[in-house]
Each structure stands twice: as structure tokens, then as C-alpha cells.
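What follows is the content of data.pdb (PDB, C-alpha atoms and all ligand atoms).
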```
ATOM      1  CA  MET A   1     150.605  -9.473  34.935
ATOM      2  CA  ALA A   2     153.609  -8.436  37.073
ATOM      3  CA  THR A   3     156.092 -11.207  37.844
ATOM      4  CA  SER A   4     156.893 -11.604  41.572
ATOM      5  CA  SER A   5     160.526 -11.869  42.684
ATOM      6  CA  LYS A   6     159.919 -15.566  43.496
ATOM      7  CA  ASP A   7     158.627 -16.223  39.964
ATOM      8  CA  ARG A   8     161.559 -14.364  38.429
ATOM      9  CA  ARG A   9     163.976 -16.815  40.058
ATOM     10  CA  GLN A  10     162.502 -19.563  37.897
ATOM     11  CA  THR A  11     161.335 -17.722  34.808
ATOM     12  CA  PRO A  12     163.693 -16.979  31.926
ATOM     13  CA  LEU A  13     163.393 -13.551  30.330
ATOM     14  CA  ILE A  14     163.678 -12.764  26.630
ATOM     15  CA  VAL A  15     164.334  -9.150  25.632
ATOM     16  CA  PHE A  16     164.193  -8.201  21.976
ATOM     17  CA  GLY A  17     164.724  -5.239  19.683
ATOM     18  CA  SER A  18     162.615  -5.547  16.555
ATOM     19  CA  ARG A  19     161.796  -2.727  14.162
ATOM     20  CA  THR A  20     159.887  -4.729  11.528
ATOM     21  CA  ASP A  21     158.629  -7.697  13.591
ATOM     22  CA  ASN A  22     160.905 -10.517  12.336
ATOM     23  CA  THR A  23     162.922 -10.845  15.537
ATOM     24  CA  ARG A  24     159.822 -10.462  17.699
ATOM     25  CA  ARG A  25     158.318 -13.512  15.939
ATOM     26  CA  VAL A  26     161.493 -15.508  16.542
ATOM     27  CA  ALA A  27     161.548 -14.355  20.172
ATOM     28  CA  ALA A  28     157.923 -15.458  20.654
ATOM     29  CA  ALA A  29     158.765 -18.911  19.234
ATOM     30  CA  MET A  30     161.699 -19.237  21.654
ATOM     31  CA  ALA A  31     159.628 -18.064  24.616
ATOM     32  CA  LYS A  32     157.165 -20.977  24.375
ATOM     33  CA  PRO A  33     159.392 -23.973  25.225
ATOM     34  CA  LEU A  34     161.221 -21.926  27.857
ATOM     35  CA  ALA A  35     157.978 -20.558  29.342
ATOM     36  CA  ALA A  36     159.871 -17.260  29.245
ATOM     37  CA  GLU A  37     158.595 -13.764  29.833
ATOM     38  CA  LEU A  38     158.915 -11.722  26.638
ATOM     39  CA  VAL A  39     159.665  -7.974  26.738
ATOM     40  CA  ALA A  40     160.530  -5.432  24.045
ATOM     41  CA  ILE A  41     163.696  -3.516  24.865
ATOM     42  CA  ASP A  42     161.887  -0.175  24.957
ATOM     43  CA  GLN A  43     159.411  -1.544  27.551
ATOM     44  CA  LEU A  44     162.016  -3.149  29.811
ATOM     45  CA  LYS A  45     162.325  -2.005  33.421
ATOM     46  CA  ASP A  46     165.412  -2.795  35.507
ATOM     47  CA  HIS A  47     163.446  -4.723  38.135
ATOM     48  CA  GLN A  48     162.417  -7.229  35.420
ATOM     49  CA  LEU A  49     166.052  -8.282  35.058
ATOM     50  CA  ARG A  50     166.564  -9.205  38.698
ATOM     51  CA  GLY A  51     166.899 -12.815  39.798
ATOM     52  CA  ARG A  52     166.564 -14.457  36.369
ATOM     53  CA  PRO A  53     168.308 -17.777  35.741
ATOM     54  CA  VAL A  54     168.819 -16.854  32.086
ATOM     55  CA  ILE A  55     168.132 -13.884  29.807
ATOM     56  CA  GLY A  56     167.847 -14.127  26.017
ATOM     57  CA  LEU A  57     168.890 -11.056  24.032
ATOM     58  CA  GLY A  58     167.573 -10.778  20.479
ATOM     59  CA  SER A  59     167.790  -8.137  17.774
ATOM     60  CA  GLY A  60     167.480  -7.444  14.104
ATOM     61  CA  VAL A  61     170.578  -6.172  12.319
ATOM     62  CA  TYR A  62     170.465  -2.512  11.293
ATOM     63  CA  TRP A  63     173.333  -1.038   9.307
ATOM     64  CA  LEU A  64     175.575  -3.959  10.312
ATOM     65  CA  ARG A  65     174.816  -3.651  14.036
ATOM     66  CA  LEU A  66     172.389  -4.980  16.587
ATOM     67  CA  GLU A  67     169.926  -2.565  18.178
ATOM     68  CA  ARG A  68     171.828  -0.207  20.492
ATOM     69  CA  GLY A  69     169.545  -0.897  23.462
ATOM     70  CA  ILE A  70     170.205  -4.643  23.203
ATOM     71  CA  VAL A  71     173.976  -4.137  23.152
ATOM     72  CA  ASP A  72     173.740  -1.745  26.109
ATOM     73  CA  LEU A  73     171.667  -4.312  27.993
ATOM     74  CA  ALA A  74     174.920  -6.245  28.501
ATOM     75  CA  GLY A  75     175.799  -3.658  31.113
ATOM     76  CA  ARG A  76     172.526  -4.154  33.023
ATOM     77  CA  ILE A  77     172.361  -7.948  33.289
ATOM     78  CA  PRO A  78     172.904  -9.019  36.894
ATOM     79  CA  PRO A  79     176.002 -11.106  37.650
ATOM     80  CA  HIS A  80     175.470 -14.905  37.854
ATOM     81  CA  CYS A  81     172.712 -14.744  35.234
ATOM     82  CA  ARG A  82     173.446 -16.650  32.033
ATOM     83  CA  ALA A  83     172.542 -15.391  28.563
ATOM     84  CA  PHE A  84     171.742 -16.515  25.060
ATOM     85  CA  ILE A  85     171.822 -14.363  21.936
ATOM     86  CA  PHE A  86     169.762 -14.438  18.764
ATOM     87  CA  SER A  87     169.503 -12.209  15.728
ATOM     88  CA  THR A  88     167.919 -11.898  12.303
ATOM     89  CA  SER A  89     169.324 -10.161   9.250
ATOM     90  CA  GLY A  90     168.436  -9.616   5.620
ATOM     91  CA  TRP A  91     171.704 -10.869   4.235
ATOM     92  CA  GLY A  92     175.139 -11.923   5.337
ATOM     93  CA  LEU A  93     174.181 -15.010   7.324
ATOM     94  CA  SER A  94     177.844 -15.946   7.493
ATOM     95  CA  TRP A  95     178.458 -12.575   9.143
ATOM     96  CA  ASP A  96     176.395 -13.399  12.198
ATOM     97  CA  ALA A  97     179.436 -13.681  14.480
ATOM     98  CA  PHE A  98     180.504 -10.222  13.369
ATOM     99  CA  TYR A  99     177.041  -8.750  14.047
ATOM    100  CA  ARG A 100     177.033 -10.037  17.620
ATOM    101  CA  SER A 101     180.699  -9.433  18.376
ATOM    102  CA  GLU A 102     180.188  -6.162  20.281
ATOM    103  CA  LEU A 103     177.463  -7.666  22.463
ATOM    104  CA  GLU A 104     179.535 -10.814  23.101
ATOM    105  CA  LYS A 105     182.534  -8.724  24.061
ATOM    106  CA  ARG A 106     180.549  -6.683  26.557
ATOM    107  CA  LEU A 107     178.982  -9.778  28.117
ATOM    108  CA  LYS A 108     182.400 -11.410  28.390
ATOM    109  CA  GLN A 109     183.840  -8.306  30.089
ATOM    110  CA  ARG A 110     181.128  -8.660  32.736
ATOM    111  CA  GLY A 111     181.731 -12.392  33.165
ATOM    112  CA  ILE A 112     178.278 -13.344  31.822
ATOM    113  CA  GLU A 113     178.284 -16.820  30.283
ATOM    114  CA  VAL A 114     176.710 -17.050  26.815
ATOM    115  CA  ILE A 115     175.053 -20.467  26.624
ATOM    116  CA  ASP A 116     174.419 -20.415  22.880
ATOM    117  CA  ARG A 117     173.714 -18.260  19.815
ATOM    118  CA  TRP A 118     171.114 -18.373  17.026
ATOM    119  CA  HIS A 119     170.883 -16.449  13.777
ATOM    120  CA  GLY A 120     168.340 -16.581  10.984
ATOM    121  CA  PRO A 121     167.164 -14.647   7.954
ATOM    122  CA  GLY A 122     164.552 -11.899   8.201
ATOM    123  CA  GLN A 123     162.854 -10.145   5.300
ATOM    124  CA  ASP A 124     164.535  -6.793   4.706
ATOM    125  CA  ARG A 125     161.952  -3.995   4.842
ATOM    126  CA  ASN A 126     164.532  -1.224   4.859
ATOM    127  CA  PRO A 127     163.058   1.380   2.450
ATOM    128  CA  PHE A 128     166.347   1.480   0.493
ATOM    129  CA  PHE A 129     166.533  -2.278  -0.095
ATOM    130  CA  LYS A 130     163.019  -3.690   0.173
ATOM    131  CA  TRP A 131     162.564  -3.630  -3.632
ATOM    132  CA  MET A 132     165.324  -6.281  -3.828
ATOM    133  CA  GLY A 133     163.213  -8.794  -1.880
ATOM    134  CA  ILE A 134     166.110  -9.850   0.339
ATOM    135  CA  SER A 135     165.105 -12.867   2.477
ATOM    136  CA  ARG A 136     161.492 -12.485   1.337
ATOM    137  CA  GLY A 137     159.054 -14.514   3.450
ATOM    138  CA  ARG A 138     161.568 -15.121   6.242
ATOM    139  CA  PRO A 139     161.389 -16.093   8.977
ATOM    140  CA  ASN A 140     159.270 -18.901   7.522
ATOM    141  CA  ASP A 141     157.792 -21.938   9.275
ATOM    142  CA  ASN A 142     161.089 -23.761   9.117
ATOM    143  CA  ASP A 143     162.975 -20.837  10.677
ATOM    144  CA  ILE A 144     160.380 -20.651  13.462
ATOM    145  CA  ARG A 145     160.720 -24.404  14.064
ATOM    146  CA  ARG A 146     164.508 -23.990  14.248
ATOM    147  CA  ALA A 147     164.063 -21.175  16.782
ATOM    148  CA  ARG A 148     161.782 -23.370  18.903
ATOM    149  CA  GLU A 149     164.287 -26.251  18.800
ATOM    150  CA  PHE A 150     167.075 -23.894  19.789
ATOM    151  CA  ALA A 151     165.077 -22.813  22.845
ATOM    152  CA  GLN A 152     164.386 -26.462  23.733
ATOM    153  CA  GLY A 153     168.159 -26.986  23.668
ATOM    154  CA  ILE A 154     168.669 -24.015  25.990
ATOM    155  CA  LYS A 155     166.060 -25.407  28.369
ATOM    156  CA  ARG A 156     167.879 -28.747  28.570
ATOM    157  CA  ARG A 157     171.054 -26.909  29.541
ATOM    158  CA  LEU A 158     169.557 -24.870  32.395
TER     159      LEU A 158
HETATM  160  C1  LIG B   1     167.006   0.265   8.780
HETATM  161  C2  LIG B   1     167.412  -1.152   8.424
HETATM  162  C3  LIG B   1     168.758  -1.456   8.242
HETATM  163  C4  LIG B   1     169.132  -2.776   7.928
HETATM  164  N1  LIG B   1     170.468  -3.073   7.801
HETATM  165  C5  LIG B   1     170.832  -4.355   7.519
HETATM  166  C6  LIG B   1     172.218  -4.718   7.419
HETATM  167  O1  LIG B   1     173.121  -3.909   7.602
HETATM  168  N2  LIG B   1     172.520  -5.997   7.105
HETATM  169  C7  LIG B   1     171.553  -6.954   6.915
HETATM  170  O2  LIG B   1     171.871  -8.102   6.652
HETATM  171  N3  LIG B   1     170.228  -6.652   7.043
HETATM  172  C8  LIG B   1     169.868  -5.379   7.343
HETATM  173  N4  LIG B   1     168.536  -5.058   7.481
HETATM  174  C9  LIG B   1     167.548  -6.147   7.411
HETATM  175  C10 LIG B   1     167.196  -6.598   8.821
HETATM  176  O3  LIG B   1     168.344  -6.998   9.521
HETATM  177  C11 LIG B   1     166.243  -7.786   8.777
HETATM  178  O4  LIG B   1     165.102  -7.512   8.022
HETATM  179  C12 LIG B   1     165.871  -8.178  10.212
HETATM  180  O5  LIG B   1     165.147  -9.386  10.175
HETATM  181  C13 LIG B   1     165.047  -7.082  10.844
HETATM  182  O6  LIG B   1     164.595  -7.527  12.089
HETATM  183  P1  LIG B   1     163.242  -6.969  12.714
HETATM  184  O7  LIG B   1     162.130  -7.267  11.728
HETATM  185  O8  LIG B   1     163.102  -7.688  13.978
HETATM  186  O9  LIG B   1     163.423  -5.484  12.882
HETATM  187  C14 LIG B   1     168.142  -3.773   7.775
HETATM  188  C15 LIG B   1     166.783  -3.442   7.944
HETATM  189  C16 LIG B   1     166.407  -2.149   8.281
HETATM  190  C17 LIG B   1     164.963  -1.827   8.467
END
```
This structure in C-alpha cells:
Amino acid sequence: MATSSKDRRQTPLIVFGSRTDNTRRVAAAMAKPLAAELVAIDQLKDHQLRGRPVIGLGSGVYWLRLERGIVDLAGRIPPHCRAFIFSTSGWGLSWDAFYRSELEKRLKQRGIEVIDRWHGPGQDRNPFFKWMGISRGRPNDNDIRRAREFAQGIKRRL
């Protein structure tokens, strides 16, 4: 159902890029406590961005980078809207700051405040690496619970 401009002023939006479903599952877990509208980056229309109090941007990591469309979204977020960022990757959990650095930089250039960040493991289904079983079974129930708690924390800060 289409969200009216009045509803958008109260409803957070979560936009995600997810090629193998891990980040979409995390995004869905975050959407619940925030009562957020959830949209895949390739379905997003500009009017859906307008008037939001906060927008969450989430992506898997592909060849060391977040999905291009999610990074480019930094240039489309309206001023005065706040943001949070989340990502999943097969390995390199300690590299999460590096993975999001380009997106963070672009948000900062536009003066968009990043409220918080979340990163978790996601099973790697890349045809070249899937035989290695990297982060098999992730995100698991515990990861999903962590994602939900993160979103509860965001809600308290709105
Ligand atoms: C094409 C491709 C490239 C990937 N490149 C990386 C990478 O550079 N580093 C990494 O840690 N994980 C990498 N992964 C694993 C993904 O980041 C991980 O599985 C993530 O959870 C995928 O999110 P998604 O299921 O939402 O697409 C790659 C996966 C795919 C399919």
C-alpha cells in the first residue's frame, strides 16, 4: 500500500541491497521494532525518500564494497533526515568500517547524521568461495536478535 506524505513524516524507511538474501533478512528484523517501511534498492522511487525522520541503508559486501546503489543513495537522501547503516559480509568482520567508509564519507559530505552502524556475518554464496562454507548458517537466530536490538536502540534515539 502506498505511504501518504503524512505517514512518511512518522515512518522510518529501510532500503537494502541484497543479492543472496542475508541482508534482506537482517533488514526485515530491523524493520519490526521501528515499524519501518522496507524497500529493495532496485524498487526504490525518489518520492519514497521524502519526509522521513530516518532512513536505514543496508547492503551485503561484494568484492570489498557495498552495493553501488546503496552508496549512491547517499546523494538522494533529503537534508535533515538522519541515517543508520548496516551490512553483512562473509569474512572480515573487523573490516566493517572499511566496507562502509565510502558511504559514510558521502553522507558526511551532505551533512547527514549517521545515528549508528551494525555489521554481521552472512553466509558467502559467491560461486568462487561457497565451497569454503564461509559464515555458514549466518545470519543465525542470534544475529537476527542482535539486529532487532540494534533497531530498538535506534528507535529510542529518534
Ligand atoms: C559476488 C559476491 C562477492 C562477495 N565478496 C565478498 C567480499 O569481498 N568480502 C566478504 O567478506 N564477503 C563477500 N561476499 C559474501 C557476502 O558479503 C555475504 O554473503 C553477504 O552476507 C551477502 O549479503 P546478501 O545475502 O544480502 O547479498 C561476497 C558474496 C558475493 C555473492
As a check of understanding, name the residues that the PyMOL selection byres (((not hetatm)) within 6 of (chain B and resi 1)) selects in the supplied structure, as a PDB file with C-alpha atoms, in the coordinates of the input.
```pdb
ATOM      1  CA  SER A  18     162.615  -5.547  16.555  1.00  0.00           C
ATOM      2  CA  ARG A  19     161.796  -2.727  14.162  1.00  0.00           C
ATOM      3  CA  THR A  20     159.887  -4.729  11.528  1.00  0.00           C
ATOM      4  CA  ASP A  21     158.629  -7.697  13.591  1.00  0.00           C
ATOM      5  CA  ASN A  22     160.905 -10.517  12.336  1.00  0.00           C
ATOM      6  CA  THR A  23     162.922 -10.845  15.537  1.00  0.00           C
ATOM      7  CA  ARG A  24     159.822 -10.462  17.699  1.00  0.00           C
ATOM      8  CA  GLY A  60     167.480  -7.444  14.104  1.00  0.00           C
ATOM      9  CA  VAL A  61     170.578  -6.172  12.319  1.00  0.00           C
ATOM     10  CA  TYR A  62     170.465  -2.512  11.293  1.00  0.00           C
ATOM     11  CA  TRP A  63     173.333  -1.038   9.307  1.00  0.00           C
ATOM     12  CA  LEU A  64     175.575  -3.959  10.312  1.00  0.00           C
ATOM     13  CA  THR A  88     167.919 -11.898  12.303  1.00  0.00           C
ATOM     14  CA  SER A  89     169.324 -10.161   9.250  1.00  0.00           C
ATOM     15  CA  GLY A  90     168.436  -9.616   5.620  1.00  0.00           C
ATOM     16  CA  TRP A  91     171.704 -10.869   4.235  1.00  0.00           C
ATOM     17  CA  GLY A  92     175.139 -11.923   5.337  1.00  0.00           C
ATOM     18  CA  GLY A 122     164.552 -11.899   8.201  1.00  0.00           C
ATOM     19  CA  GLN A 123     162.854 -10.145   5.300  1.00  0.00           C
ATOM     20  CA  ASP A 124     164.535  -6.793   4.706  1.00  0.00           C
ATOM     21  CA  ARG A 125     161.952  -3.995   4.842  1.00  0.00           C
ATOM     22  CA  ASN A 126     164.532  -1.224   4.859  1.00  0.00           C
TER      23      ASN A 126
END
```
- Across A:Asp143, A:Trp118, A:Ala83, A:Ile134, the smallest distance to Arg157 in chain A, with only C-alpha atoms counted, is shown by A:Ala83
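We find CA of Val15 in chain A and CA of Glu37 in chain A to be spaced 8.5 Å apart.
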- Looking at A:Cys81, A:Met132, A:Ile144, A:Leu38, which one is nearest to Ile112 in chain A, with distances taken over only C-alpha atoms? A:Cys81
- Query: Quick one, how far is CA of Ile14 in chain A from CA of Val54 in chain A?
  - Reply: 8.5 Å
Starting from the PyMOL selection byres (((chain A and resi 85) around 6) and not hetatm), expand the selection into actual residues of this file and give them as a CSV table (one decimal) with C-alpha atoms, in the frame of the given file.
```
chain,number,residue,atom,x,y,z
A,56,GLY,CA,167.8,-14.1,26.0
A,57,LEU,CA,168.9,-11.1,24.0
A,58,GLY,CA,167.6,-10.8,20.5
A,84,PHE,CA,171.7,-16.5,25.1
A,86,PHE,CA,169.8,-14.4,18.8
A,117,ARG,CA,173.7,-18.3,19.8
```
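Considering only C-alpha atoms, the residue among A:His80, A:Arg52, A:Arg146, A:Arg136 positioned nearest to His119 in chain A is A:Arg146.
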- Message: I'd like the neighbourhood of Ala147 in chain A as number ranges by chain, where a residue qualifies if any of its atoms comes within 9 Å (using only C-alpha atoms), though same-chain residues fewer than 6 positions away should be ignored.
- Response: A: 26-27, 29-30, 118-120
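Between Ser59 in chain A and the residues A:Lys130, A:Lys45, A:Arg25, A:Lys155, the shortest atom-to-atom distance, using all atoms listed in the file, involves A:Arg25.
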- Task: One decimal, Å: what's the distance from CA of Glu104 in chain A over to CA of Ser87 in chain A, could you say?
- Result: 12.5 Å
- Which residues match the PyMOL selection byres (((chain A and resi 73) around 10) and not hetatm) in the file above, as a PyMOL selection string? chain A and resi 15+41+44+46+49+57+68-72+74-77+103+106-107
Go ahead and write the selection's residues with C-alpha atoms as a compact mmCIF listing (two decimals), in the frame of the given file.
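The result, written out as result-v2.txt:
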```
# COMPACT_ATOMS: atom_id res chain seq x y z
CA VAL A 15 164.33 -9.15 25.63
CA ILE A 41 163.70 -3.52 24.86
CA LEU A 44 162.02 -3.15 29.81
CA ASP A 46 165.41 -2.80 35.51
CA LEU A 49 166.05 -8.28 35.06
CA LEU A 57 168.89 -11.06 24.03
CA ARG A 68 171.83 -0.21 20.49
CA GLY A 69 169.54 -0.90 23.46
CA ILE A 70 170.20 -4.64 23.20
CA VAL A 71 173.98 -4.14 23.15
CA ASP A 72 173.74 -1.74 26.11
CA ALA A 74 174.92 -6.24 28.50
CA GLY A 75 175.80 -3.66 31.11
CA ARG A 76 172.53 -4.15 33.02
CA ILE A 77 172.36 -7.95 33.29
CA LEU A 103 177.46 -7.67 22.46
CA ARG A 106 180.55 -6.68 26.56
CA LEU A 107 178.98 -9.78 28.12
```
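Using all atoms listed in the file, the smallest distance between any of A:Arg138, A:Arg65, A:Lys32, A:Arg50 and Arg100 in chain A comes from A:Arg65.
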